[in-house]
$ cat entry.tsv   # TSV, C-alpha atoms and all ligand atoms
chain	number	residue	atom	x	y	z
A	10	MET	CA	-7.35	14.89	8.64
A	11	ILE	CA	-4.80	12.28	9.69
A	12	LYS	CA	-2.10	13.28	12.17
A	13	VAL	CA	0.61	10.88	13.25
A	14	GLN	CA	3.32	11.80	15.78
A	15	ALA	CA	6.30	9.68	16.86
A	16	LEU	CA	4.32	6.52	16.15
A	17	ARG	CA	6.11	3.27	17.02
A	18	LYS	CA	5.21	-0.37	16.78
A	19	THR	CA	7.38	-3.14	18.14
A	20	PHE	CA	6.22	-6.70	17.67
A	21	THR	CA	7.46	-9.28	20.15
A	22	SER	CA	7.17	-12.89	19.15
A	23	PRO	CA	8.37	-16.15	20.74
A	24	VAL	CA	11.31	-17.95	19.14
A	25	LYS	CA	11.88	-21.66	19.44
A	26	GLU	CA	14.91	-23.69	18.50
A	27	PRO	CA	14.06	-26.58	16.19
A	28	GLY	CA	13.39	-30.12	17.44
A	29	LEU	CA	12.41	-31.67	20.76
A	30	MET	CA	15.28	-30.06	22.71
A	31	GLY	CA	14.10	-26.68	21.49
A	32	SER	CA	10.56	-27.41	22.72
A	33	LEU	CA	11.86	-28.56	26.12
A	34	LYS	CA	14.09	-25.51	26.50
A	35	GLY	CA	11.09	-23.36	25.62
A	36	LEU	CA	9.20	-24.84	28.57
A	37	VAL	CA	11.90	-23.71	30.99
A	38	LYS	CA	12.82	-20.36	29.49
A	39	ARG	CA	10.79	-18.68	26.79
A	40	GLU	CA	12.97	-16.75	24.34
A	41	THR	CA	11.42	-13.82	22.48
A	42	LYS	CA	12.57	-11.55	19.70
A	43	SER	CA	11.48	-8.00	19.00
A	44	LYS	CA	10.95	-6.36	15.67
A	45	ASP	CA	10.56	-2.58	15.25
A	46	ALA	CA	8.01	-2.48	12.44
A	47	LEU	CA	7.58	1.31	12.80
A	48	LYS	CA	10.29	3.52	14.28
A	49	SER	CA	8.81	6.84	15.36
A	50	VAL	CA	7.10	8.07	12.19
A	51	ASN	CA	5.36	11.42	11.67
A	52	LEU	CA	2.74	12.16	9.05
A	53	GLU	CA	0.00	14.66	8.22
A	54	ILE	CA	-2.62	14.16	5.55
A	55	GLN	CA	-5.37	16.66	4.76
A	56	GLN	CA	-8.96	15.90	3.74
A	57	GLY	CA	-9.18	15.22	0.01
A	58	GLU	CA	-5.56	14.08	-0.30
A	59	ILE	CA	-4.49	10.73	-1.71
A	60	ILE	CA	-1.02	9.49	-0.84
A	61	GLY	CA	0.95	6.49	-2.09
A	62	LEU	CA	2.72	4.48	0.61
A	63	ILE	CA	5.63	2.60	-0.94
A	64	GLY	CA	8.22	0.23	0.49
A	65	ALA	CA	9.81	-3.17	0.07
A	66	ASN	CA	8.26	-6.29	1.60
A	67	GLY	CA	8.33	-6.02	5.38
A	68	ALA	CA	9.00	-2.26	5.41
A	69	GLY	CA	6.04	-1.50	7.69
A	70	LYS	CA	3.28	-0.36	5.30
A	71	THR	CA	0.58	-2.75	6.47
A	72	THR	CA	1.48	-2.10	10.12
A	73	LEU	CA	0.89	1.64	9.64
A	74	VAL	CA	-2.37	1.04	7.78
A	75	LYS	CA	-3.56	-1.43	10.42
A	76	ILE	CA	-2.85	1.06	13.23
A	77	LEU	CA	-4.71	3.83	11.39
A	78	ALA	CA	-7.61	1.49	10.66
A	79	GLY	CA	-7.82	0.57	14.36
A	80	ILE	CA	-6.83	-3.10	14.01
A	81	VAL	CA	-3.46	-2.84	15.77
A	82	HIS	CA	-2.40	-0.84	18.87
A	83	PRO	CA	0.79	1.21	18.56
A	84	THR	CA	3.57	0.63	21.10
A	85	SER	CA	3.91	4.39	21.65
A	86	GLY	CA	3.23	7.71	19.97
A	87	GLU	CA	0.05	9.35	18.81
A	88	ALA	CA	-2.28	9.10	15.85
A	89	THR	CA	-5.61	10.74	15.20
A	90	VAL	CA	-7.84	10.22	12.18
A	91	LEU	CA	-10.80	12.62	11.83
A	92	GLY	CA	-10.13	13.46	15.48
A	93	PHE	CA	-10.42	9.83	16.66
A	94	LYS	CA	-7.77	7.52	18.08
A	95	PRO	CA	-8.35	4.60	15.70
A	96	TRP	CA	-7.54	1.82	18.18
A	97	GLU	CA	-10.25	3.06	20.55
A	98	ARG	CA	-12.64	1.80	17.87
A	99	HIS	CA	-15.38	4.39	18.17
A	100	ASN	CA	-18.44	3.47	16.16
A	101	GLU	CA	-18.50	6.98	14.70
A	102	TYR	CA	-15.01	6.42	13.34
A	103	ARG	CA	-15.80	3.00	11.91
A	104	LYS	CA	-18.75	4.46	10.01
A	105	GLN	CA	-16.49	6.97	8.27
A	106	MET	CA	-13.61	4.67	7.41
A	107	SER	CA	-13.02	1.86	4.96
A	108	LEU	CA	-10.21	-0.66	4.70
A	109	ILE	CA	-9.94	-2.40	1.34
A	110	MET	CA	-7.39	-5.18	1.08
A	111	GLY	CA	-6.83	-6.62	-2.39
A	112	GLN	CA	-5.93	-9.97	-0.85
A	113	LYS	CA	-8.85	-10.24	1.59
A	114	ALA	CA	-12.55	-10.42	0.83
A	115	GLN	CA	-15.14	-8.61	2.87
A	116	VAL	CA	-18.19	-9.70	0.85
A	117	TRP	CA	-19.55	-13.19	1.50
A	118	TRP	CA	-18.45	-15.57	-1.27
A	119	ASP	CA	-21.51	-17.77	-1.17
A	120	LEU	CA	-23.95	-14.89	-1.57
A	121	PRO	CA	-24.64	-12.64	-4.52
A	122	ALA	CA	-23.01	-9.25	-3.89
A	123	LEU	CA	-26.38	-7.52	-3.58
A	124	ASP	CA	-27.19	-9.63	-0.50
A	125	SER	CA	-23.89	-8.64	1.12
A	126	PHE	CA	-24.64	-4.99	0.34
A	127	ILE	CA	-27.99	-5.24	2.15
A	128	LEU	CA	-26.20	-6.60	5.22
A	129	LEU	CA	-23.65	-3.78	5.03
A	130	LYS	CA	-26.47	-1.26	4.71
A	131	GLU	CA	-27.78	-2.48	8.07
A	132	ILE	CA	-24.34	-2.62	9.69
A	133	TYR	CA	-23.51	0.94	8.63
A	134	GLN	CA	-27.10	2.15	9.06
A	135	ILE	CA	-27.17	3.72	5.61
A	136	GLU	CA	-30.45	5.50	4.84
A	137	ASP	CA	-32.60	3.99	2.06
A	138	SER	CA	-32.31	6.94	-0.33
A	139	LEU	CA	-28.53	7.28	0.14
A	140	TYR	CA	-28.05	3.53	-0.26
A	141	LYS	CA	-29.98	3.53	-3.54
A	142	LYS	CA	-28.12	6.56	-4.86
A	143	ASN	CA	-24.70	5.13	-3.97
A	144	LEU	CA	-25.51	1.68	-5.30
A	145	GLU	CA	-26.56	3.10	-8.66
A	146	PHE	CA	-23.60	5.45	-8.86
A	147	LEU	CA	-21.06	2.74	-8.02
A	148	ALA	CA	-22.61	0.10	-10.29
A	149	ASP	CA	-22.71	2.60	-13.17
A	150	THR	CA	-19.17	3.88	-12.80
A	151	LEU	CA	-17.72	0.42	-12.24
A	152	GLN	CA	-19.88	-0.95	-15.08
A	153	ILE	CA	-21.11	-3.89	-13.08
A	154	HIS	CA	-24.84	-4.60	-12.96
A	155	ASP	CA	-25.94	-8.14	-13.83
A	156	GLN	CA	-23.01	-9.66	-11.98
A	157	LEU	CA	-24.32	-8.27	-8.68
A	158	LYS	CA	-26.96	-11.00	-8.61
A	159	VAL	CA	-24.47	-13.82	-9.13
A	160	GLN	CA	-22.77	-15.70	-6.27
A	161	VAL	CA	-19.50	-13.86	-5.68
A	162	ARG	CA	-17.40	-17.04	-5.91
A	163	ARG	CA	-18.48	-17.37	-9.56
A	164	LEU	CA	-17.16	-13.93	-10.56
A	165	SER	CA	-13.85	-13.22	-12.25
A	166	LEU	CA	-11.03	-11.69	-10.16
A	167	GLY	CA	-11.60	-8.26	-11.72
A	168	GLU	CA	-15.36	-8.40	-11.11
A	169	ARG	CA	-14.73	-9.48	-7.53
A	170	MET	CA	-12.47	-6.48	-6.93
A	171	LYS	CA	-15.17	-4.18	-8.30
A	172	VAL	CA	-17.69	-5.75	-5.93
A	173	GLU	CA	-15.23	-5.29	-3.04
A	174	LEU	CA	-14.84	-1.62	-3.93
A	175	MET	CA	-18.61	-1.18	-4.01
A	176	ALA	CA	-18.98	-2.86	-0.61
A	177	ALA	CA	-16.28	-0.63	0.85
A	178	LEU	CA	-17.65	2.61	-0.54
A	179	LEU	CA	-21.42	2.23	-0.09
A	180	HIS	CA	-21.33	4.22	3.14
A	181	ASN	CA	-19.35	7.16	1.66
A	182	PRO	CA	-16.26	6.82	3.88
A	183	ARG	CA	-14.22	9.96	4.51
A	184	VAL	CA	-11.06	7.90	5.01
A	185	ILE	CA	-10.03	5.02	2.75
A	186	PHE	CA	-7.14	2.59	3.21
A	187	LEU	CA	-6.55	0.87	-0.07
A	188	ASP	CA	-4.06	-1.98	0.24
A	189	GLU	CA	-2.91	-3.48	-3.08
A	190	PRO	CA	-6.22	-2.95	-4.92
A	191	THR	CA	-4.95	-4.17	-8.28
A	192	ILE	CA	-2.98	-7.22	-7.14
A	193	GLY	CA	-3.43	-10.18	-9.46
A	194	LEU	CA	-5.65	-8.31	-11.93
A	195	ASP	CA	-5.03	-8.32	-15.67
A	196	ILE	CA	-3.98	-5.06	-17.34
A	197	SER	CA	-7.45	-3.97	-18.39
A	198	ALA	CA	-9.00	-4.70	-14.98
A	199	GLN	CA	-6.11	-2.81	-13.32
A	200	LYS	CA	-6.84	0.13	-15.58
A	201	ALA	CA	-10.56	0.04	-14.80
A	202	VAL	CA	-9.92	0.04	-11.03
A	203	ARG	CA	-7.42	2.90	-11.33
A	204	GLU	CA	-9.71	4.96	-13.51
A	205	PHE	CA	-12.56	4.40	-11.07
A	206	MET	CA	-10.48	5.39	-8.03
A	207	LYS	CA	-9.28	8.52	-9.77
A	208	ASN	CA	-12.83	9.66	-10.53
A	209	TYR	CA	-14.05	8.65	-7.09
A	210	GLN	CA	-11.30	10.66	-5.41
A	211	GLN	CA	-12.11	13.75	-7.47
A	212	GLU	CA	-15.84	13.46	-6.86
A	213	PHE	CA	-15.90	12.64	-3.11
A	214	ARG	CA	-12.52	13.92	-1.87
A	215	PRO	CA	-11.87	11.36	0.90
A	216	ILE	CA	-8.45	10.95	2.52
A	217	THR	CA	-6.94	7.92	0.81
A	218	ILE	CA	-3.79	5.98	1.65
A	219	LEU	CA	-2.89	3.64	-1.17
A	220	THR	CA	-0.26	0.94	-0.89
A	221	SER	CA	0.74	-0.82	-4.05
A	222	HIS	CA	3.71	-2.59	-5.57
A	223	TYR	CA	2.50	-1.47	-9.01
A	224	MET	CA	4.13	1.83	-9.90
A	225	GLU	CA	1.39	2.46	-12.49
A	226	ASP	CA	-1.16	2.76	-9.65
A	227	ILE	CA	1.05	5.21	-7.81
A	228	LYS	CA	1.89	7.30	-10.88
A	229	GLU	CA	-1.76	7.54	-11.93
A	230	LEU	CA	-3.29	8.25	-8.56
A	231	CYS	CA	-0.83	9.77	-6.11
A	232	PRO	CA	0.65	13.26	-6.43
A	233	ARG	CA	2.30	12.69	-3.03
A	234	ILE	CA	4.25	9.63	-1.96
A	235	VAL	CA	5.75	8.39	1.28
A	236	ILE	CA	8.59	5.89	0.98
A	237	ILE	CA	9.13	3.66	3.99
A	238	LYS	CA	12.29	1.69	4.62
A	239	GLU	CA	12.75	-0.61	7.61
A	240	GLY	CA	10.09	1.20	9.62
A	241	GLU	CA	11.25	4.75	8.83
A	242	PHE	CA	10.06	7.29	6.30
A	243	VAL	CA	12.90	8.06	3.91
A	244	TYR	CA	10.86	10.34	1.63
A	245	ASP	CA	7.62	12.25	2.03
A	246	GLY	CA	6.81	14.68	-0.75
A	247	ALA	CA	5.68	15.25	-4.30
A	248	LEU	CA	6.14	12.39	-6.75
A	249	SER	CA	7.19	14.94	-9.36
A	250	LYS	CA	9.99	16.22	-7.12
A	251	ILE	CA	11.96	13.02	-6.73
A	252	GLN	CA	13.03	12.99	-10.35
A	253	ARG	CA	14.78	16.34	-9.80
A	254	LEU	CA	16.42	15.09	-6.60
A	255	MET	CA	18.34	12.50	-8.60
A	256	GLY	CA	19.06	14.92	-11.45
A	257	ASP	CA	22.80	14.26	-11.46
A	258	GLU	CA	22.46	10.48	-11.82
A	259	LYS	CA	22.44	8.38	-14.98
A	260	VAL	CA	21.39	4.76	-15.28
A	261	LEU	CA	23.36	2.15	-17.22
A	262	SER	CA	21.19	-0.75	-18.43
A	263	VAL	CA	23.48	-3.64	-19.29
A	264	THR	CA	22.79	-6.91	-21.10
A	265	THR	CA	25.26	-9.81	-20.89
A	266	PRO	CA	24.75	-13.39	-22.16
A	267	ASP	CA	23.45	-14.55	-18.78
A	268	LYS	CA	21.87	-11.50	-17.12
A	269	ASN	CA	20.44	-7.99	-17.38
A	270	PHE	CA	21.29	-5.42	-14.75
A	271	LYS	CA	21.10	-1.72	-14.02
A	272	VAL	CA	23.64	0.52	-12.31
A	273	SER	CA	22.98	4.05	-11.13
A	274	VAL	CA	26.04	6.34	-11.36
A	275	PRO	CA	26.80	10.06	-10.97
A	276	ARG	CA	27.20	11.75	-14.37
A	277	THR	CA	30.81	12.62	-13.50
A	278	ASP	CA	31.72	8.92	-13.09
A	279	LEU	CA	30.01	7.80	-16.28
A	280	SER	CA	33.03	7.07	-18.46
A	281	VAL	CA	35.01	5.36	-15.68
A	282	LYS	CA	32.05	3.16	-14.71
A	283	THR	CA	31.22	2.28	-18.33
A	284	ALA	CA	34.82	1.23	-18.95
A	285	GLU	CA	34.78	-0.93	-15.79
A	286	ILE	CA	31.61	-2.69	-16.92
A	287	PHE	CA	33.07	-3.44	-20.36
A	288	LYS	CA	36.24	-4.74	-18.75
A	289	SER	CA	34.58	-7.17	-16.37
A	290	ASN	CA	31.60	-8.36	-18.46
A	291	GLU	CA	30.89	-9.70	-21.93
A	292	VAL	CA	28.55	-6.84	-22.85
A	293	LEU	CA	25.93	-7.50	-25.55
A	294	ASP	CA	24.10	-4.22	-25.11
A	295	LEU	CA	24.50	-1.09	-22.98
A	296	ASN	CA	22.11	1.84	-22.68
A	297	ILE	CA	22.69	5.09	-20.85
A	298	HIS	CA	19.52	6.91	-19.82
A	299	ASP	CA	17.96	9.20	-17.20
A	300	PRO	CA	16.51	7.32	-14.25
A	301	SER	CA	12.77	6.59	-14.47
A	302	ILE	CA	10.56	7.16	-11.46
A	303	GLU	CA	10.68	3.39	-10.89
A	304	ASP	CA	14.51	3.45	-10.89
A	305	ILE	CA	14.60	6.31	-8.40
A	306	ILE	CA	12.10	4.77	-6.03
A	307	GLU	CA	13.91	1.45	-6.19
A	308	SER	CA	17.16	3.20	-5.41
A	309	ILE	CA	15.64	5.11	-2.46
A	310	MET	CA	14.06	1.91	-1.13
A	311	LYS	CA	17.40	0.16	-1.31
A	312	ASN	CA	19.83	2.87	-0.27
A	313	GLY	CA	17.67	5.47	1.50
A	314	MET	CA	17.61	9.13	0.50
A	315	LYS	CA	20.79	10.78	-0.70
A	316	THR	CA	21.87	13.38	1.80
A	317	THR	CA	24.38	15.19	-0.39
A	401	LIG	N1	1.87	-9.78	14.08
A	401	LIG	C1	3.18	-9.68	13.89
A	401	LIG	N2	4.05	-10.29	14.74
A	401	LIG	C2	5.39	-10.19	14.58
A	401	LIG	N3	5.96	-9.49	13.58
A	401	LIG	C3	5.17	-8.85	12.70
A	401	LIG	C4	3.73	-8.92	12.81
A	401	LIG	N4	3.19	-8.18	11.79
A	401	LIG	C5	4.24	-7.68	11.09
A	401	LIG	N5	5.41	-8.08	11.63
A	401	LIG	C6	6.77	-7.74	11.14
A	401	LIG	O1	6.85	-6.32	11.02
A	401	LIG	C7	7.54	-5.95	9.82
A	401	LIG	C8	6.67	-5.04	8.98
A	401	LIG	O2	5.60	-5.80	8.45
A	401	LIG	P1	4.48	-5.19	7.49
A	401	LIG	O3	3.46	-6.25	7.26
A	401	LIG	O4	3.98	-3.90	8.07
A	401	LIG	O5	5.29	-4.89	6.15
A	401	LIG	P2	4.79	-4.43	4.71
A	401	LIG	O6	5.58	-3.22	4.34
A	401	LIG	O7	3.31	-4.27	4.70
A	401	LIG	O8	5.22	-5.65	3.80
A	401	LIG	P3	4.53	-6.33	2.49
A	401	LIG	O9	4.81	-5.42	1.34
A	401	LIG	O10	5.27	-7.61	2.39
A	401	LIG	O11	3.07	-6.50	2.79
A	401	LIG	C9	7.93	-7.26	9.15
A	401	LIG	O12	9.26	-7.56	9.49
A	401	LIG	C10	6.98	-8.29	9.73
A	401	LIG	O13	7.58	-9.57	9.79
$ encode --input "entry.tsv" --output "structure tokens"
Amino acid sequence: MIKVQALRKTFTSPVKEPGLMGSLKGLVKRETKSKDALKSVNLEIQQGEIIGLIGANGAGKTTLVKILAGIVHPTSGEATVLGFKPWERHNEYRKQMSLIMGQKAQVWWDLPALDSFILLKEIYQIEDSLYKKNLEFLADTLQIHDQLKVQVRRLSLGERMKVELMAALLHNPRVIFLDEPTIGLDISAQKAVREFMKNYQQEFRPITILTSHYMEDIKELCPRIVIIKEGEFVYDGALSKIQRLMGDEKVLSVTTPDKNFKVSVPRTDLSVKTAEIFKSNEVLDLNIHDPSIEDIIESIMKNGMKTT
């Protein structure tokens, strides 16, 4: 399992005023600025669980994933994954973990994927029979065979992502960090990756942390979500529960000649708010509806969790 207690990460980076004077000043006195990317977060995830980690740009998602994957040291606090402290980088931990970043390749672009897989087989010391079994299973379920013999740089974006998934899963990891796996893919490739991950999760039951800006990924794959805002968790619970938490809200979707916007209002204020909107805008269209999961998550990301 994953257990995180009071985990903090503060980044300190040098700041420099622009121009020559700034450079000279920097020689005499180096100014720094600190950024709390994670502010004392707690988390527990059991084997077999998949959670969706959601937050705006800069909220701290990648920092958390990087700490748990052993790439970044925390400033304070504790984290164990399968009983290991990730940043101690035990080989035993590395063999059971996989970090898949949609924006970064881990297979070699100039080689056919199969050649990269053979290298990974050696790195992870995967037995021959297991390697063959996994290779066949992954190629079958991802429906990618002939393309494995083609130089990776010649593959389409969707095919490349499939190859990345194969590379990351060949060694049957028990913990998977999946960072934006569908970024940049067309709708059908997104669907294929989602479908695959869903089946894979059911079959092998790893712990998976998925970060994605695509709500479709989250809705399809993650019964539990954690919403992070400015380094703090503002929601950790069932995806199905958040709709009930905002049960007394309605959303007004408004179209004017120059913009579309949405406003979330308590049911009791509906008529007052609607009248205000009509008064101060040239309204072409106005819809009143229940908030969608996307609306609620957006509202929590922006305003935090309602406490009343
Ligand atoms: N190496 C670093 N040095 C200084 N600041 C950093 C460093 N890495 C991250 N930060 C800062 O920490 C904060 C959290 O960054 P992080 O990458 O974890 O966000 P994120 O939620 O993954 O965002 P995105 O959705 O844009 O990927 C940001 O303000 C970022 O600028």
$ residues_near_point --input "entry.tsv" --point "(7.1, 17.3, -6.6)" --cutoff "12 Å" --atoms "only C-alpha atoms" --output "short mmCIF file (atom, residue, chain, number, x, y, z; two decimals) with C-alpha atoms, in the frame of the given file"
data_model
loop_
_atom_site.label_atom_id
_atom_site.label_comp_id
_atom_site.auth_asym_id
_atom_site.auth_seq_id
_atom_site.Cartn_x
_atom_site.Cartn_y
_atom_site.Cartn_z
CA CYS A 231 -0.83 9.77 -6.11
CA PRO A 232 0.65 13.26 -6.43
CA ARG A 233 2.30 12.69 -3.03
CA ILE A 234 4.25 9.63 -1.96
CA VAL A 235 5.75 8.39 1.28
CA TYR A 244 10.86 10.34 1.63
CA ASP A 245 7.62 12.25 2.03
CA GLY A 246 6.81 14.68 -0.75
CA ALA A 247 5.68 15.25 -4.30
CA LEU A 248 6.14 12.39 -6.75
CA SER A 249 7.19 14.94 -9.36
CA LYS A 250 9.99 16.22 -7.12
CA ILE A 251 11.96 13.02 -6.73
CA GLN A 252 13.03 12.99 -10.35
CA ARG A 253 14.78 16.34 -9.80
CA LEU A 254 16.42 15.09 -6.60
CA ILE A 302 10.56 7.16 -11.46
#
$ residues_around --input "entry.tsv" --residues "A:Val272" --least-positions-apart "3" --cutoff "12 Å" --atoms "only C-alpha atoms" --output "PDB file with C-alpha atoms, in the coordinates of the input"
ATOM      1  CA  GLU A 258      22.460  10.480 -11.820  1.00  0.00           C
ATOM      2  CA  LYS A 259      22.440   8.380 -14.980  1.00  0.00           C
ATOM      3  CA  VAL A 260      21.390   4.760 -15.280  1.00  0.00           C
ATOM      4  CA  LEU A 261      23.360   2.150 -17.220  1.00  0.00           C
ATOM      5  CA  SER A 262      21.190  -0.750 -18.430  1.00  0.00           C
ATOM      6  CA  VAL A 263      23.480  -3.640 -19.290  1.00  0.00           C
ATOM      7  CA  THR A 264      22.790  -6.910 -21.100  1.00  0.00           C
ATOM      8  CA  ASN A 269      20.440  -7.990 -17.380  1.00  0.00           C
ATOM      9  CA  PRO A 275      26.800  10.060 -10.970  1.00  0.00           C
ATOM     10  CA  ARG A 276      27.200  11.750 -14.370  1.00  0.00           C
ATOM     11  CA  ASP A 278      31.720   8.920 -13.090  1.00  0.00           C
ATOM     12  CA  LEU A 279      30.010   7.800 -16.280  1.00  0.00           C
ATOM     13  CA  LYS A 282      32.050   3.160 -14.710  1.00  0.00           C
ATOM     14  CA  THR A 283      31.220   2.280 -18.330  1.00  0.00           C
ATOM     15  CA  GLU A 285      34.780  -0.930 -15.790  1.00  0.00           C
ATOM     16  CA  ILE A 286      31.610  -2.690 -16.920  1.00  0.00           C
ATOM     17  CA  LEU A 295      24.500  -1.090 -22.980  1.00  0.00           C
ATOM     18  CA  ASN A 296      22.110   1.840 -22.680  1.00  0.00           C
ATOM     19  CA  ILE A 297      22.690   5.090 -20.850  1.00  0.00           C
ATOM     20  CA  HIS A 298      19.520   6.910 -19.820  1.00  0.00           C
ATOM     21  CA  ASP A 299      17.960   9.200 -17.200  1.00  0.00           C
ATOM     22  CA  PRO A 300      16.510   7.320 -14.250  1.00  0.00           C
ATOM     23  CA  ASP A 304      14.510   3.450 -10.890  1.00  0.00           C
ATOM     24  CA  ILE A 305      14.600   6.310  -8.400  1.00  0.00           C
ATOM     25  CA  GLU A 307      13.910   1.450  -6.190  1.00  0.00           C
ATOM     26  CA  SER A 308      17.160   3.200  -5.410  1.00  0.00           C
TER      27      SER A 308
END
$ residues_near_ligand --input "entry.tsv" --ligand "ligand LIG 401 (chain A)" --cutoff "9 Å" --atoms "only C-alpha atoms and all ligand atoms" --output "ChimeraX atom specification"
/A:18-22,42-47,63-75,81,188-189,220-222,237-240
$ closest_residue --input "entry.tsv" --among "A:Lys48, A:Glu87, A:Asp119, A:Ile185" --to "A:Thr217" --atoms "all atoms listed in the file"
A:Ile185
$ closest_residue --input "entry.tsv" --among "A:Gln14, A:Thr41, A:Gln156, A:Ser85" --to "A:Glu53" --atoms "all atoms listed in the file"
A:Gln14
$ residues_around --input "entry.tsv" --residues "A:Leu77" --least-positions-apart "6" --cutoff "12 Å" --atoms "all atoms listed in the file" --output "ChimeraX atom specification"
/A:10-13,16,52,70-71,83,87-98,102-103,106-108,184-187,216-218
$ atom_distance --input "entry.tsv" --atom1 "atom CA of A:Leu230" --atom2 "atom CA of A:Glu58"
10.4 Å
$ axis_aligned_box --input "entry.tsv" --around "stretch 257-262 of chain A" --padding-each-side "8 Å" --output "JSON"
{"center_x": 22.3, "center_y": 6.8, "center_z": -14.9, "size_x": 18.2, "size_y": 31.0, "size_z": 23.0}
$ atom_distance --input "entry.tsv" --atom1 "atom CA of A:Ala177" --atom2 "atom CA of A:Ile109"
6.6 Å
$ atom_distance --input "entry.tsv" --atom1 "atom CA of A:Trp118" --atom2 "atom CA of A:Val172"
10.9 Å
$ decode --input "entry.tsv" --residues "stretch 228-242 of chain A" --atoms "N, CA and C atoms" --output "compact mmCIF listing (two decimals), in the first residue's frame"
# COMPACT_ATOMS: atom_id res chain seq x y z
N LYS A 228 -13.42 9.90 -14.99
CA LYS A 228 -14.75 9.32 -14.81
C LYS A 228 -14.76 7.83 -15.14
N GLU A 229 -14.01 7.46 -16.18
CA GLU A 229 -13.98 6.06 -16.62
C GLU A 229 -13.21 5.17 -15.66
N LEU A 230 -12.12 5.72 -15.11
CA LEU A 230 -11.16 4.84 -14.43
C LEU A 230 -11.14 4.94 -12.91
N CYS A 231 -11.55 6.09 -12.36
CA CYS A 231 -11.25 6.32 -10.94
C CYS A 231 -12.49 6.44 -10.06
N PRO A 232 -12.80 5.42 -9.28
CA PRO A 232 -13.92 5.54 -8.34
C PRO A 232 -13.60 6.54 -7.22
N ARG A 233 -12.28 6.71 -6.95
CA ARG A 233 -11.88 7.64 -5.88
C ARG A 233 -11.03 8.76 -6.47
N ILE A 234 -11.28 9.98 -6.02
CA ILE A 234 -10.46 11.09 -6.50
C ILE A 234 -9.88 11.90 -5.34
N VAL A 235 -8.74 12.49 -5.59
CA VAL A 235 -8.14 13.43 -4.64
C VAL A 235 -7.98 14.74 -5.41
N ILE A 236 -8.55 15.81 -4.85
CA ILE A 236 -8.41 17.11 -5.51
C ILE A 236 -7.38 17.92 -4.73
N ILE A 237 -6.40 18.44 -5.44
CA ILE A 237 -5.32 19.18 -4.78
C ILE A 237 -5.38 20.63 -5.25
N LYS A 238 -5.29 21.53 -4.25
CA LYS A 238 -5.32 22.96 -4.56
C LYS A 238 -4.19 23.64 -3.81
N GLU A 239 -3.32 24.29 -4.53
CA GLU A 239 -2.18 25.00 -3.93
C GLU A 239 -1.48 24.17 -2.87
N GLY A 240 -1.19 22.92 -3.21
CA GLY A 240 -0.40 22.07 -2.32
C GLY A 240 -1.17 21.39 -1.20
N GLU A 241 -2.50 21.57 -1.16
CA GLU A 241 -3.29 20.93 -0.10
C GLU A 241 -4.41 20.10 -0.71
N PHE A 242 -4.76 19.01 -0.04
CA PHE A 242 -5.88 18.21 -0.53
C PHE A 242 -7.18 18.86 -0.07
